[in-house]
Each structure stands twice: as C-alpha cells, then as structure tokens.
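Content type mmCIF, C-alpha atoms and all ligand atoms, from the file my_file-v7.cif:
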data_entry
loop_
_atom_site.label_atom_id
_atom_site.label_comp_id
_atom_site.auth_asym_id
_atom_site.auth_seq_id
_atom_site.Cartn_x
_atom_site.Cartn_y
_atom_site.Cartn_z
CA MET A 197 93.84 113.99 131.57
CA THR A 198 97.03 112.89 133.36
CA GLY A 199 98.01 110.31 135.95
CA THR A 200 97.84 106.56 135.83
CA LEU A 201 94.50 104.85 135.17
CA HIS A 202 93.86 101.19 136.00
CA VAL A 203 91.67 98.99 133.79
CA GLU A 204 90.48 95.60 134.97
CA ALA A 205 91.88 93.21 132.35
CA GLU A 206 93.26 89.74 131.76
CA PRO A 207 95.73 88.42 132.70
CA TYR A 208 96.02 91.33 135.17
CA THR A 209 95.29 95.04 135.58
CA PHE A 210 96.35 97.25 132.66
CA GLU A 211 97.83 100.56 133.80
CA PHE A 212 98.10 103.52 131.47
CA ASP A 213 98.77 107.24 131.49
CA PRO A 214 96.22 108.63 129.00
CA ALA A 215 98.66 111.30 127.83
CA GLN A 216 101.06 108.55 126.73
CA SER A 217 98.42 106.28 125.19
CA ALA A 218 96.71 106.08 121.81
CA LEU A 219 93.57 104.42 120.52
CA LEU A 220 94.66 102.48 117.41
CA ILE A 221 91.70 101.45 115.27
CA ILE A 222 92.63 98.77 112.74
CA ASP A 223 91.10 98.52 109.25
CA MET A 224 87.44 99.39 109.95
CA GLN A 225 87.05 99.63 106.18
CA ARG A 226 83.89 99.43 104.11
CA ASP A 227 85.14 96.45 102.08
CA PHE A 228 85.61 94.38 105.24
CA LEU A 229 82.45 95.44 107.10
CA GLU A 230 79.69 96.47 104.74
CA PRO A 231 77.16 94.11 103.23
CA ALA A 232 77.99 93.70 99.51
CA GLY A 233 81.65 94.53 100.19
CA PHE A 234 84.67 92.41 99.32
CA GLY A 235 84.49 90.49 102.64
CA GLU A 236 80.91 89.41 102.03
CA MET A 237 81.67 88.69 98.36
CA LEU A 238 84.21 86.11 99.58
CA GLY A 239 81.40 84.42 101.51
CA ASN A 240 82.19 85.86 104.94
CA ASP A 241 79.57 86.71 107.56
CA VAL A 242 80.01 90.47 108.02
CA SER A 243 77.62 90.54 111.00
CA GLN A 244 80.49 89.05 113.02
CA LEU A 245 82.41 92.27 112.33
CA ARG A 246 79.50 94.70 112.40
CA ARG A 247 78.80 93.99 116.08
CA THR A 248 82.05 95.86 116.83
CA ILE A 249 80.82 99.14 115.31
CA GLU A 250 78.72 100.38 118.25
CA PRO A 251 81.32 99.60 120.98
CA ASN A 252 84.02 101.23 118.83
CA LYS A 253 81.82 104.29 118.35
CA ARG A 254 81.33 104.65 122.11
CA LEU A 255 85.02 104.17 122.86
CA LEU A 256 86.09 106.55 120.08
CA LYS A 257 83.70 109.24 121.34
CA ALA A 258 84.92 108.92 124.96
CA TRP A 259 88.56 108.90 123.83
CA ARG A 260 88.04 111.99 121.65
CA ASP A 261 86.05 113.76 124.38
CA ALA A 262 88.97 113.20 126.76
CA GLY A 263 91.27 114.88 124.20
CA LEU A 264 93.37 111.74 123.68
CA LYS A 265 95.24 110.56 120.59
CA VAL A 266 93.49 108.45 117.96
CA ILE A 267 95.18 106.72 115.02
CA HIS A 268 93.38 104.80 112.27
CA THR A 269 94.73 102.26 109.79
CA ARG A 270 93.58 101.02 106.39
CA GLU A 271 94.85 97.96 104.55
CA GLY A 272 95.40 98.69 100.88
CA HIS A 273 97.68 99.34 97.97
CA ARG A 274 98.80 102.00 95.53
CA PRO A 275 96.59 102.28 92.44
CA ASP A 276 99.52 101.04 90.29
CA LEU A 277 99.82 98.01 92.65
CA THR A 278 103.63 98.36 92.82
CA ASP A 279 103.47 97.75 96.59
CA LEU A 280 101.35 94.60 96.21
CA PRO A 281 103.46 91.45 96.58
CA PRO A 282 102.65 89.07 93.69
CA ALA A 283 102.14 86.33 96.32
CA LYS A 284 99.40 88.40 97.99
CA LYS A 285 97.78 89.17 94.62
CA ILE A 286 97.32 85.51 93.68
CA ARG A 287 96.75 84.05 97.17
CA GLY A 288 93.48 82.18 97.46
CA GLY A 289 93.22 81.59 93.74
CA GLY A 290 89.95 83.55 93.54
CA LYS A 291 88.56 85.02 90.31
CA THR A 292 88.47 88.52 91.82
CA THR A 293 91.52 89.63 93.78
CA ILE A 294 93.16 92.79 95.11
CA GLY A 295 93.24 95.54 92.47
CA ASP A 296 90.33 94.11 90.46
CA PRO A 297 87.01 95.94 90.14
CA GLY A 298 84.82 95.01 93.12
CA PRO A 299 81.46 96.02 94.54
CA MET A 300 82.82 99.36 95.86
CA GLY A 301 85.59 100.20 93.42
CA ARG A 302 88.91 98.43 92.94
CA ILE A 303 89.48 96.03 95.81
CA LEU A 304 91.80 97.27 98.58
CA VAL A 305 93.12 100.10 96.43
CA ARG A 306 93.73 103.49 98.04
CA GLY A 307 91.25 106.15 96.99
CA GLU A 308 88.47 103.67 96.22
CA ALA A 309 85.20 103.78 98.19
CA GLY A 310 85.50 100.25 99.59
CA HIS A 311 89.01 100.92 100.89
CA ASP A 312 87.86 103.82 103.04
CA ILE A 313 86.83 103.75 106.68
CA ILE A 314 83.15 103.21 107.52
CA PRO A 315 81.26 106.49 108.11
CA GLU A 316 80.42 105.55 111.71
CA LEU A 317 84.11 105.73 112.69
CA TYR A 318 85.36 108.24 110.14
CA PRO A 319 88.67 109.89 111.15
CA LEU A 320 88.81 113.57 112.06
CA PRO A 321 91.30 115.66 110.04
CA SER A 322 93.52 115.78 113.16
CA GLU A 323 93.73 111.97 113.43
CA PRO A 324 96.53 110.26 111.48
CA VAL A 325 95.47 107.53 109.05
CA ILE A 326 98.13 104.90 108.41
CA ASP A 327 97.87 103.30 104.97
CA LYS A 328 99.44 99.88 105.32
CA PRO A 329 100.22 97.35 102.60
CA GLY A 330 100.44 94.41 105.02
CA LYS A 331 98.51 92.87 107.85
CA GLY A 332 100.63 94.46 110.59
CA ALA A 333 100.33 98.24 111.00
CA PHE A 334 104.09 98.67 111.55
CA TYR A 335 105.28 96.93 108.39
CA ALA A 336 106.29 99.47 105.68
CA THR A 337 104.56 102.39 107.45
CA ASP A 338 105.58 105.39 109.60
CA LEU A 339 103.44 104.28 112.56
CA HIS A 340 106.40 103.67 114.90
CA SER A 341 107.89 107.12 114.13
CA ILE A 342 104.54 108.81 114.71
CA LEU A 343 104.06 107.03 118.06
CA GLN A 344 107.60 107.94 119.11
CA HIS A 345 107.10 111.61 118.21
CA LEU A 346 103.84 111.69 120.16
CA GLY A 347 105.47 110.03 123.20
CA ILE A 348 103.04 107.11 123.06
CA LYS A 349 103.93 104.04 125.12
CA LYS A 350 100.61 102.19 125.39
CA LEU A 351 98.03 101.28 122.77
CA ILE A 352 94.37 100.39 122.98
CA VAL A 353 94.00 98.28 119.84
CA THR A 354 90.57 97.72 118.24
CA GLY A 355 89.23 96.83 114.80
CA VAL A 356 89.25 93.90 112.41
CA THR A 357 90.03 91.13 112.08
CA THR A 358 91.03 89.77 115.47
CA GLU A 359 93.29 86.96 114.32
CA VAL A 360 94.70 88.69 111.24
CA CYS A 361 95.47 92.44 111.29
CA VAL A 362 94.74 93.03 115.00
CA ASN A 363 96.88 90.11 116.17
CA THR A 364 99.71 90.89 113.74
CA THR A 365 99.75 94.53 114.84
CA VAL A 366 99.70 93.67 118.55
CA ARG A 367 102.65 91.30 118.03
CA GLU A 368 104.58 93.93 116.08
CA ALA A 369 103.82 96.56 118.75
CA ASN A 370 104.92 94.21 121.51
CA ASP A 371 108.30 93.64 119.83
CA ARG A 372 108.77 97.42 119.59
CA GLY A 373 108.18 97.96 123.32
CA TYR A 374 104.53 99.03 123.41
CA ASP A 375 101.97 97.63 125.86
CA CYS A 376 98.68 96.77 124.13
CA LEU A 377 95.20 96.43 125.58
CA VAL A 378 92.56 94.79 123.36
CA PRO A 379 88.89 95.35 124.29
CA GLU A 380 87.24 92.15 123.09
CA ASP A 381 83.89 93.71 122.14
CA CYS A 382 85.74 96.16 119.83
CA VAL A 383 87.54 93.50 117.76
CA GLY A 384 85.90 91.03 115.40
CA SER A 385 86.59 87.99 113.29
CA TYR A 386 84.49 86.41 110.55
CA PHE A 387 85.06 83.14 112.46
CA PRO A 388 83.89 82.82 116.11
CA GLU A 389 86.53 80.17 116.87
CA PHE A 390 89.31 82.49 115.67
CA GLN A 391 87.87 85.36 117.72
CA GLU A 392 88.20 83.22 120.82
CA ALA A 393 91.64 81.83 119.97
CA GLY A 394 92.94 85.22 118.79
CA LEU A 395 92.14 86.80 122.14
CA LYS A 396 93.46 83.82 124.14
CA MET A 397 96.79 84.01 122.31
CA ILE A 398 97.27 87.64 123.31
CA LYS A 399 96.65 87.19 127.03
CA ALA A 400 98.19 83.70 127.52
CA GLN A 401 101.45 83.12 129.37
CA GLY A 402 101.11 86.18 131.60
CA GLY A 403 100.14 88.47 128.72
CA ILE A 404 102.69 87.26 126.18
CA PHE A 405 101.54 89.89 123.67
CA GLY A 406 99.27 92.09 125.78
CA TRP A 407 96.06 92.44 127.78
CA VAL A 408 92.39 91.74 127.00
CA SER A 409 89.45 93.60 128.51
CA ASP A 410 86.09 95.08 127.54
CA SER A 411 85.33 98.62 126.34
CA SER A 412 82.90 99.20 129.25
CA LYS A 413 85.84 98.89 131.64
CA ILE A 414 87.88 101.45 129.68
CA LEU A 415 84.89 103.82 129.52
CA ALA A 416 84.48 103.53 133.30
CA VAL A 417 88.09 104.50 134.07
CA LEU A 418 87.97 107.39 131.57
CA GLN A 419 84.82 108.67 133.30
CA ASN A 420 86.46 108.31 136.75
CA GLY A 421 89.60 110.05 135.51
CA LYS A 422 87.48 112.95 134.23
CA GLU A 423 85.65 113.28 137.56
CA GLN A 424 88.92 113.22 139.54
CA ALA A 425 90.41 115.89 137.27
CA SER A 426 87.39 118.22 137.66
N1 LIG K 1 92.40 93.78 108.26
C1 LIG K 1 92.51 92.46 108.11
O1 LIG K 1 92.41 91.69 109.05
N2 LIG K 1 92.68 91.99 106.81
C2 LIG K 1 92.30 90.76 106.40
O2 LIG K 1 92.56 90.38 105.26
N3 LIG K 1 91.59 90.00 107.27
C3 LIG K 1 91.03 88.80 107.06
O3 LIG K 1 90.53 88.22 108.04
N4 LIG K 1 90.98 88.28 105.86
#
In structure tokens, write the structure found in this file.
Amino acid sequence: MTGTLHVEAEPYTFEFDPAQSALLIIDMQRDFLEPAGFGEMLGNDVSQLRRTIEPNKRLLKAWRDAGLKVIHTREGHRPDLTDLPPAKKIRGGGKTTIGDPGPMGRILVRGEAGHDIIPELYPLPSEPVIDKPGKGAFYATDLHSILQHLGIKKLIVTGVTTEVCVNTTVREANDRGYDCLVPEDCVGSYFPEFQEAGLKMIKAQGGIFGWVSDSSKILAVLQNGKEQAS
C-alpha cells in the first residue's frame, strides 16, 4: 500500500504514507493487563486496560493484513537486574518490587511469564520486540536505529499506560522527528482522569506531541486504501 492516507484526528488531519509508518504497540504485557498480575496486585483496576485489547487486536490484524510494519515493546530488566536503577527498584516502598517473585514469575524480568506480551497480541517472528528498561521506548534501546533502517517517519502508538509509557514514548519520538498518532480506544490507564489528561496533553497546543484519533478511523482509511489499490 503506497500513497498518502488521511485520518480524521485532533487537532487536525493526520497524514501518513503506510510504507513509511509503523504500528508501535507499547507494553501490552501480562503483568500489566491480566487479572492476578503485578498491576492488579498493586491494587490497580486492570479492566481499565483490558478494554484496549479488542481494539488493538482489530488494528493489529488490519495493519498486518495490509503488510505494514509492526513493532512491540516490553518494559523489563535483565535477570541479574544490572540494568535496574536502584531508584526504580525501591520506588513506592512496596514489599514486592521489580525482580521479586510475583504472581507470574519474577516481576518485570525478561524471560518470565508475566513480562511477556498477552497472547491476544502476541508478536509474529517477523515483528521486532524492543525490550526497554525505562518508560520511554527510545531510552537505552535500538528502536530509533530500527525505525531509521526501515525508513519509518510516522508512528501509530498504542498500548499501556497512557500517561506513563505511551506518553513518554510519544514525547521521545516527537523529539527525534517522528509524527505520532494515538488512537484513544487503543491506549489505557488504570486511572480514568489520567487517560483523559494524557490524551489532552498530546494534542494540545496544535498537537504539541502528536495527534489523537480512534482506531475505527484508521481502519476506515486502511480499507479505503486497499480498495483504491485494487
Ligand atoms: N508500561 C507502563 O506504562 N509502565 C508502568 O509502570 N505504568 C504504570 O502506569 N505504572
């Protein structure tokens, strides 16, 4: 699929060439989304995140069917925890923290069940998975190099959580020259007020960090693009 597509978005239309765009799915990990995972153990309402699974599934399927690039991320650390800042380890003062045994293996440690991506959105072998130690997907990863090598200029950013890893990644991407579109039904926060504020912050001031839309609008332009190409 080539040529420019136009998605209705806020604060104004988002234009993208599918061949130069990637779907970047942030941290749809079992420990954040599944009942009895680390997120729920901390007292969070995982249903606020789980409502994003179906829209992400639909968008991922359409994006894959169109032959477009998909990249996934996971937040987590090396099993020896040498990439875990001591400040992050003790933050919150909880009894169980990163690296400790949790409901689905050691919490946010690479290779453990809870650290992996939920089965509904599991990456294909051809789709890069970025293991990131921080909240932003660019910090201490090869994401920027991969995007440069693929000729990617625009990102559709989805995943969790809206105000933490999604927002941090969108800000990092913006400073590196990428345009980001965030479909609001495909991003989730444990806190409804942060969901709202997190999206407002992206699209404020003429799209200071990017654009906000809805996955149905992206699906519609992908479908139109397919029909025009056939
Ligand atoms: N992926 C991500 O957002 N990591 C977090 O720790 N999020 C919280 O909201 N805690």
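Using all atoms listed in the file, the contacts of A:Leu343 at a cut-off of 12 Å, with sequence neighbours closer than 2 positions omitted, comprise A:Ala215, A:Gln216, A:Ser217, A:Ala218, A:Leu219, A:Leu220, A:Lys265, A:Val266, A:Ile267, A:Pro324, A:Ile326, A:Ala333, A:Phe334, A:Thr337, A:Asp338, A:Leu339, A:His340, A:Ser341, A:His345, A:Leu346, A:Gly347, A:Ile348, A:Lys349, A:Lys350, A:Leu351, A:Ala369, A:Arg372, A:Gly373, A:Tyr374.
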Close residues to ligand LIG 1 (chain K) using all atoms listed in the file, limit 9 Å, as a VMD selection string
chain A and resid 222 to 225 228 235 269 to 271 330 to 332 355 to 364 385 to 387
May I ask for the distance between atom CA of A:Val366 and atom CA of A:Thr278, given in Å to one decimal place?
26.4 Å
Gap from atom CA of A:Cys382 to atom CA of A:Pro251 - Å, one decimal:
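Computed distance, atom CA of A:Cys382 to atom CA of A:Pro251, equals 5.7 Å.
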Around the point (99.2, 91.1, 93.1) (coordinates from the file), which residues reach within 12 Å if we count all atoms listed in the file? Answer as a tab-separated table (two decimals) with C-alpha atoms, in the frame of the given file.
chain	number	residue	atom	x	y	z
A	272	GLY	CA	95.40	98.69	100.88
A	273	HIS	CA	97.68	99.34	97.97
A	274	ARG	CA	98.80	102.00	95.53
A	275	PRO	CA	96.59	102.28	92.44
A	276	ASP	CA	99.52	101.04	90.29
A	277	LEU	CA	99.82	98.01	92.65
A	278	THR	CA	103.63	98.36	92.82
A	279	ASP	CA	103.47	97.75	96.59
A	280	LEU	CA	101.35	94.60	96.21
A	281	PRO	CA	103.46	91.45	96.58
A	282	PRO	CA	102.65	89.07	93.69
A	283	ALA	CA	102.14	86.33	96.32
A	284	LYS	CA	99.40	88.40	97.99
A	285	LYS	CA	97.78	89.17	94.62
A	286	ILE	CA	97.32	85.51	93.68
A	287	ARG	CA	96.75	84.05	97.17
A	288	GLY	CA	93.48	82.18	97.46
A	289	GLY	CA	93.22	81.59	93.74
A	290	GLY	CA	89.95	83.55	93.54
A	292	THR	CA	88.47	88.52	91.82
A	293	THR	CA	91.52	89.63	93.78
A	294	ILE	CA	93.16	92.79	95.11
A	295	GLY	CA	93.24	95.54	92.47
A	296	ASP	CA	90.33	94.11	90.46
A	303	ILE	CA	89.48	96.03	95.81
A	304	LEU	CA	91.80	97.27	98.58
A	305	VAL	CA	93.12	100.10	96.43
A	329	PRO	CA	100.22	97.35	102.60
Need to verify the contact set: A:Val408, 6 Å, only C-alpha atoms, exclusion of same-chain residues closer than 5 positions in sequence. Can you return it as number ranges by chain?
A: 205-206, 377-379
Between A:Asp375, A:Glu236, A:Asp261, A:Asp227, single out the one closest to A:Leu418, counting only C-alpha atoms.
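Using only C-alpha atoms, the shortest distance to A:Leu418 belongs to A:Asp261.
Distance check against A:Thr248 using only C-alpha atoms: of A:Asp410, A:Glu368, A:Glu211, A:Asp312, the minimum falls on A:Asp410.
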Near-stretch 207-209 of chain A list (8 Å; only C-alpha atoms; drop same-chain fewer than 3 positions) as a list of chain:residue names
A:His202, A:Val203, A:Glu204, A:Lys399, A:Ala400, A:Gly402, A:Gly403, A:Trp407, A:Val408
Interatomic distance between atom CA of A:Gly384 and atom CA of A:Pro297?
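Straight-line distance from atom CA of A:Gly384 to atom CA of A:Pro297 works out to 25.8 Å.
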Of A:Glu230, A:Glu323, A:Asp213, A:Glu308, the one sitting nearest A:Gln244 when using all atoms listed in the file is A:Glu230
Expected axis-aligned box over every listed atom of stretch 318-324 of chain A, 6 Å added per side, centre plus edges in Å to one decimal, as JSON:
{"center_x": 90.9, "center_y": 112.0, "center_z": 111.7, "size_x": 23.2, "size_y": 19.5, "size_z": 15.4}
